[in-house]
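For reference, the structure is listed below as C-alpha cells.
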Amino acid sequence: MTVLKSEQDLASMRPACVIAQTVVDEVCEFVQPGVTTKQVDEFAAGRIRSYGARSAFLGYRKFPCHLCLSVNEQVVHGLATDRRLKFGDIISLDVGVVYNGFIGDTARTVAVGGCSVEAQRLMDVTEQSLYLGIAQALPGNRVVDVSRAIQRYVEGNGYSVVREFVGHGVGRSMHEEPQVPNFDDGKKSPKLQPGMTIAIEPMVNAGGPAVKILNDGWTVVTKDGQLSAHFEHTVLVTGSEPEILTCRAKTPLPLKAS
C-alpha cells in the first residue's frame, strides 16, 4: 500500500533528505585517488553521525556498510573494502540516512580525479535521465511515465537500463510501494498522487542490461564488465511540480556539522 505523507510527516522527512544530500556532497569531495573504499565508508559514517543521523543501510538485511560504494563495472550495493581508488575510476555513492524517523535516500556517480570521455558521457546521460524522470512525477501521471522518460533517453543515447533493480517508495521504511522501474515493464502502474515520496534512481550500463551478483552476496556488476552509473533523488509528488527532497538549496541543515 502506498503511504501518502502528511505535512507533519514531510516536516520530519525533509531534514533527513537534506542530511543525505549533504553527506553525498561531502563524500564526493573526499573521494580521490589512493583512498580505499573502506576509508570512504568510515568518512561517511562520521559525517552521518555529525548530523545526529544514522545510516539507513548498515544492518538493513545484514548489509555491512554505511553506504553503497560501487566502482566502475559495479552497479549497486558495492561493499567497503581495502580496494584503493585509482585515477580514472568512477564510483557510485549511494547514501541513505535515518533522521526524525524518516529516511533520505540519494546517490551520485563521480570520477576519481578524472575519467575518460566515455565514462563522463555515461555519467552525464544517467544524471540527465534522472531529471527527465523526475519531470514526469506529476499528479495524475503514472509511475510508468517516469519509467518511460528514463528508458527512452538512456536507450536513445546507446546505453541500457538495469532491469533487476528499481526505484521505490521511501519514507519511514527504506522500501515502500510503489516500485519505480527505469523501464516500461508492460504492467499497469499506479497513479502518482500528492504526498507520495519516491526514490527515482536510474542505473545505466554502458553495455548490455544484464547483471550478476558477486560471491559476497551484495555487489551487483555488469555481466559484460562494462561501466555502470547510478544517480538518485528522493522526490515528493505535489499538487503541481515535483519537489526534490534531497536538495539542500531550499532547506537548511537541522544541525551544524562538527
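Chains: A, B, ... in order of the C-alpha cells. Residues: from 1 per chain. Ligands: from 1, in order shown.
Using only C-alpha atoms, the residues found no farther than 7 Å from Leu130 (chain A), other than those of its own chain fewer than 5 positions away, are A:Ile150, A:Ile200, A:Glu201, A:Pro202, A:Phe231, A:Glu232.
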| task | Name the residues in contact with Ser70 (chain A) at a cut-off of 7 Å, using only C-alpha atoms, excluding same-chain residues fewer than 5 positions from it; report them as number ranges by chain. | result | A: 75-78, 91-93
Quick one: everything within 10 Å of Asp105 (chain A), counting only C-alpha atoms, minus sequence neighbours fewer than 5 positions away in the same chain. Send it as a PDB file with N, CA and C atoms, in the first residue's frame.
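out-v9.pdb, written as the output of this step:
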ATOM      1  N   ALA A  16      15.851  14.890   6.949  1.00  0.00           N
ATOM      2  CA  ALA A  16      16.552  13.630   6.677  1.00  0.00           C
ATOM      3  C   ALA A  16      17.102  13.624   5.261  1.00  0.00           C
ATOM      4  N   CYS A  17      16.321  14.115   4.329  1.00  0.00           N
ATOM      5  CA  CYS A  17      16.750  14.142   2.932  1.00  0.00           C
ATOM      6  C   CYS A  17      17.882  15.137   2.713  1.00  0.00           C
ATOM      7  N   VAL A  18      17.827  16.271   3.408  1.00  0.00           N
ATOM      8  CA  VAL A  18      18.893  17.262   3.279  1.00  0.00           C
ATOM      9  C   VAL A  18      20.199  16.706   3.841  1.00  0.00           C
ATOM     10  N   ILE A  19      20.133  15.979   4.953  1.00  0.00           N
ATOM     11  CA  ILE A  19      21.333  15.355   5.507  1.00  0.00           C
ATOM     12  C   ILE A  19      21.925  14.378   4.502  1.00  0.00           C
ATOM     13  N   ALA A  20      21.082  13.557   3.904  1.00  0.00           N
ATOM     14  CA  ALA A  20      21.573  12.582   2.926  1.00  0.00           C
ATOM     15  C   ALA A  20      22.302  13.280   1.788  1.00  0.00           C
ATOM     16  N   GLN A  21      21.717  14.340   1.265  1.00  0.00           N
ATOM     17  CA  GLN A  21      22.334  15.049   0.148  1.00  0.00           C
ATOM     18  C   GLN A  21      23.623  15.736   0.574  1.00  0.00           C
ATOM     19  N   VAL A  24      26.361  13.161   0.760  1.00  0.00           N
ATOM     20  CA  VAL A  24      26.843  12.834  -0.585  1.00  0.00           C
ATOM     21  C   VAL A  24      27.807  13.906  -1.079  1.00  0.00           C
ATOM     22  N   ALA A  56      20.925   4.379   7.067  1.00  0.00           N
ATOM     23  CA  ALA A  56      19.743   3.551   6.816  1.00  0.00           C
ATOM     24  C   ALA A  56      20.132   2.202   6.239  1.00  0.00           C
ATOM     25  N   PHE A  57      21.379   2.076   5.804  1.00  0.00           N
ATOM     26  CA  PHE A  57      21.821   0.844   5.138  1.00  0.00           C
ATOM     27  C   PHE A  57      22.484  -0.133   6.092  1.00  0.00           C
ATOM     28  N   ASP A  94      25.996   5.744  -2.850  1.00  0.00           N
ATOM     29  CA  ASP A  94      24.571   5.676  -2.508  1.00  0.00           C
ATOM     30  C   ASP A  94      24.453   5.850  -1.001  1.00  0.00           C
ATOM     31  N   VAL A  95      23.790   6.926  -0.581  1.00  0.00           N
ATOM     32  CA  VAL A  95      23.664   7.269   0.834  1.00  0.00           C
ATOM     33  C   VAL A  95      22.205   7.227   1.259  1.00  0.00           C
ATOM     34  N   GLY A  96      21.949   6.534   2.356  1.00  0.00           N
ATOM     35  CA  GLY A  96      20.635   6.558   2.985  1.00  0.00           C
ATOM     36  C   GLY A  96      20.818   6.864   4.459  1.00  0.00           C
ATOM     37  N   VAL A  97      20.050   7.817   4.982  1.00  0.00           N
ATOM     38  CA  VAL A  97      20.152   8.146   6.407  1.00  0.00           C
ATOM     39  C   VAL A  97      18.775   8.109   7.046  1.00  0.00           C
ATOM     40  N   VAL A  98      18.774   7.868   8.359  1.00  0.00           N
ATOM     41  CA  VAL A  98      17.551   7.928   9.151  1.00  0.00           C
ATOM     42  C   VAL A  98      17.681   9.095  10.117  1.00  0.00           C
ATOM     43  N   VAL A 170       9.649   5.610  -0.532  1.00  0.00           N
ATOM     44  CA  VAL A 170      10.520   5.699   0.645  1.00  0.00           C
ATOM     45  C   VAL A 170       9.878   6.644   1.646  1.00  0.00           C
ATOM     46  N   GLY A 171      10.105   6.390   2.924  1.00  0.00           N
ATOM     47  CA  GLY A 171       9.525   7.226   3.973  1.00  0.00           C
ATOM     48  C   GLY A 171      10.031   6.770   5.324  1.00  0.00           C
ATOM     49  N   MET A 174      12.620   1.911   4.256  1.00  0.00           N
ATOM     50  CA  MET A 174      13.516   2.066   3.118  1.00  0.00           C
ATOM     51  C   MET A 174      12.822   1.762   1.802  1.00  0.00           C
ATOM     52  N   ILE A 198       8.979   9.200  -3.517  1.00  0.00           N
ATOM     53  CA  ILE A 198       9.575   8.095  -4.268  1.00  0.00           C
ATOM     54  C   ILE A 198      11.059   8.362  -4.519  1.00  0.00           C
ATOM     55  N   ALA A 199      11.826   7.288  -4.465  1.00  0.00           N
ATOM     56  CA  ALA A 199      13.239   7.349  -4.821  1.00  0.00           C
ATOM     57  C   ALA A 199      13.358   6.937  -6.282  1.00  0.00           C
ATOM     58  N   ILE A 200      13.694   7.893  -7.116  1.00  0.00           N
ATOM     59  CA  ILE A 200      13.892   7.640  -8.548  1.00  0.00           C
ATOM     60  C   ILE A 200      15.385   7.451  -8.756  1.00  0.00           C
ATOM     61  N   GLU A 201      15.789   6.310  -9.333  1.00  0.00           N
ATOM     62  CA  GLU A 201      17.220   6.007  -9.374  1.00  0.00           C
ATOM     63  C   GLU A 201      17.626   5.188 -10.607  1.00  0.00           C
ATOM     64  N   GLU A 232      20.431   9.180  -8.055  1.00  0.00           N
ATOM     65  CA  GLU A 232      19.154   9.008  -7.346  1.00  0.00           C
ATOM     66  C   GLU A 232      18.792  10.258  -6.558  1.00  0.00           C
ATOM     67  N   HIS A 233      17.492  10.561  -6.551  1.00  0.00           N
ATOM     68  CA  HIS A 233      16.934  11.577  -5.662  1.00  0.00           C
ATOM     69  C   HIS A 233      15.660  11.036  -5.031  1.00  0.00           C
ATOM     70  N   THR A 234      15.386  11.507  -3.821  1.00  0.00           N
ATOM     71  CA  THR A 234      14.087  11.289  -3.203  1.00  0.00           C
ATOM     72  C   THR A 234      13.189  12.461  -3.611  1.00  0.00           C
ATOM     73  N   VAL A 235      12.028  12.139  -4.155  1.00  0.00           N
ATOM     74  CA  VAL A 235      11.161  13.143  -4.786  1.00  0.00           C
ATOM     75  C   VAL A 235       9.765  13.094  -4.167  1.00  0.00           C
ATOM     76  N   LEU A 245      13.410  16.345  -2.681  1.00  0.00           N
ATOM     77  CA  LEU A 245      13.657  16.482  -1.254  1.00  0.00           C
ATOM     78  C   LEU A 245      15.146  16.403  -0.930  1.00  0.00           C
ATOM     79  N   THR A 246      15.886  15.619  -1.686  1.00  0.00           N
ATOM     80  CA  THR A 246      17.332  15.504  -1.448  1.00  0.00           C
ATOM     81  C   THR A 246      18.065  16.613  -2.200  1.00  0.00           C
TER      82      THR A 246
END
| message | Using only C-alpha atoms, which protein or nucleic acid residues come within 10 Å of Asn205 (chain A)? Drop anything in the same chain fewer than 5 positions from it, and give the result as a count of residues only. | response | 23
| field | Residues of region 21-129 of chain A in helix (DSSP H, G or I), written as a PyMOL selection string | value | chain A and resi 21-30+37-50+60-62+117-129
| query | Of the candidates A:Ser147, A:Ser240, A:Tyr153, A:Phe165, which one gets nearest to Lys187 (chain A) if we count only C-alpha atoms? | reply | A:Ser147
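Shell of Lys5 (chain A) at 7 Å, with only C-alpha atoms counted and residues fewer than 4 places along the chain excluded, is Asp9, Leu10, Gly195 and Met196 of chain A.
When DSSP is run on the backbone, the residues of region 103-203 of chain A that fall into strand (DSSP E) are Ile103, Gly104, Asp105, Thr106, Ala107, Arg108, Thr109, Val110, Ala111, Ser160, Val161, Gly167, His168, Gly169, Glu176, Glu177, Pro178, Gln179, Val180, Thr197, Ile198, Ala199, Ile200 and Met203 of chain A.
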Next, the residues of the selection above should be written as a short mmCIF file (atom, residue, chain, number, x, y, z; two decimals), in the first residue's frame with N, CA, C and O atoms.
data_model
loop_
_atom_site.label_atom_id
_atom_site.label_comp_id
_atom_site.auth_asym_id
_atom_site.auth_seq_id
_atom_site.Cartn_x
_atom_site.Cartn_y
_atom_site.Cartn_z
N ILE A 103 13.55 8.47 6.30
CA ILE A 103 14.73 8.13 5.52
C ILE A 103 14.91 9.12 4.37
O ILE A 103 13.95 9.47 3.69
N GLY A 104 16.15 9.55 4.18
CA GLY A 104 16.54 10.27 2.98
C GLY A 104 17.47 9.39 2.17
O GLY A 104 18.39 8.79 2.72
N ASP A 105 17.25 9.29 0.87
CA ASP A 105 17.97 8.34 0.03
C ASP A 105 18.40 9.04 -1.26
O ASP A 105 17.56 9.60 -1.98
N THR A 106 19.70 9.03 -1.54
CA THR A 106 20.21 9.70 -2.72
C THR A 106 21.50 9.04 -3.17
O THR A 106 22.17 8.37 -2.39
N ALA A 107 21.84 9.19 -4.44
CA ALA A 107 23.06 8.58 -4.98
C ALA A 107 23.63 9.45 -6.09
O ALA A 107 22.90 10.17 -6.77
N ARG A 108 24.95 9.33 -6.26
CA ARG A 108 25.64 10.09 -7.30
C ARG A 108 26.86 9.29 -7.74
O ARG A 108 27.51 8.65 -6.91
N THR A 109 27.19 9.36 -9.01
CA THR A 109 28.40 8.75 -9.53
C THR A 109 29.38 9.85 -9.90
O THR A 109 29.00 10.82 -10.55
N VAL A 110 30.63 9.69 -9.45
CA VAL A 110 31.65 10.71 -9.71
C VAL A 110 32.93 10.05 -10.21
O VAL A 110 33.17 8.86 -9.99
N ALA A 111 33.74 10.85 -10.87
CA ALA A 111 35.05 10.39 -11.32
C ALA A 111 36.06 10.54 -10.19
O ALA A 111 35.97 11.46 -9.37
N SER A 160 21.95 1.14 -21.77
CA SER A 160 20.86 0.26 -21.34
C SER A 160 20.55 0.48 -19.87
O SER A 160 21.43 0.89 -19.09
N VAL A 161 19.31 0.22 -19.49
CA VAL A 161 18.91 0.35 -18.09
C VAL A 161 18.84 -1.04 -17.44
O VAL A 161 18.43 -2.01 -18.08
N GLY A 167 13.75 1.77 -8.66
CA GLY A 167 13.44 2.75 -7.64
C GLY A 167 12.25 2.28 -6.81
O GLY A 167 11.65 1.23 -7.07
N HIS A 168 11.85 3.11 -5.84
CA HIS A 168 10.86 2.64 -4.87
C HIS A 168 10.31 3.80 -4.06
O HIS A 168 10.92 4.88 -3.98
N GLY A 169 9.16 3.55 -3.43
CA GLY A 169 8.68 4.49 -2.44
C GLY A 169 9.61 4.49 -1.25
O GLY A 169 10.30 3.49 -0.98
N GLU A 176 9.16 1.25 0.26
CA GLU A 176 7.71 1.30 0.31
C GLU A 176 7.17 1.12 -1.10
O GLU A 176 7.91 1.15 -2.09
N GLU A 177 5.88 0.97 -1.21
CA GLU A 177 5.24 1.00 -2.53
C GLU A 177 5.17 2.45 -3.00
O GLU A 177 5.07 3.37 -2.18
N PRO A 178 5.21 2.70 -4.30
CA PRO A 178 5.28 1.72 -5.38
C PRO A 178 6.73 1.47 -5.81
O PRO A 178 7.63 2.25 -5.48
N GLN A 179 6.94 0.38 -6.53
CA GLN A 179 8.21 0.23 -7.22
C GLN A 179 8.25 1.20 -8.40
O GLN A 179 7.24 1.49 -9.01
N VAL A 180 9.46 1.69 -8.70
CA VAL A 180 9.62 2.67 -9.78
C VAL A 180 10.69 2.14 -10.74
O VAL A 180 11.88 2.46 -10.61
N THR A 197 6.14 9.92 -1.81
CA THR A 197 7.58 10.19 -1.82
C THR A 197 8.27 8.98 -2.42
O THR A 197 8.14 7.86 -1.92
N ILE A 198 8.98 9.20 -3.52
CA ILE A 198 9.57 8.10 -4.27
C ILE A 198 11.06 8.36 -4.52
O ILE A 198 11.46 9.49 -4.73
N ALA A 199 11.83 7.29 -4.46
CA ALA A 199 13.24 7.35 -4.82
C ALA A 199 13.36 6.94 -6.28
O ALA A 199 13.11 5.78 -6.63
N ILE A 200 13.69 7.89 -7.12
CA ILE A 200 13.89 7.64 -8.55
C ILE A 200 15.38 7.45 -8.76
O ILE A 200 16.18 8.32 -8.38
N MET A 203 19.82 3.25 -13.01
CA MET A 203 21.09 2.52 -13.03
C MET A 203 21.34 2.18 -14.49
O MET A 203 20.57 1.42 -15.08
#
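When only C-alpha atoms are used to compute distances to Arg152 (chain A), the closest of the residues A:Asp82, A:Glu164, A:Glu127, A:Asp184 turns out to be A:Asp184.
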| query | Which residue, A:Thr238, A:Gly52, A:Glu243, A:Glu26, has the smallest gap to Ser6 (chain A) when you use only C-alpha atoms? | reply | A:Thr238
| message | Report as a VMD selection string all protein, DNA and RNA residues lying within 7 Å of Leu85 (chain A), evaluated on only C-alpha atoms, omitting residues in the same chain fewer than 4 positions from it. | response | chain A and resid 33 to 36 89
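Here CA of Gly207 (chain A) is placed at a distance of 10.7 Å from CA of Glu155 (chain A).
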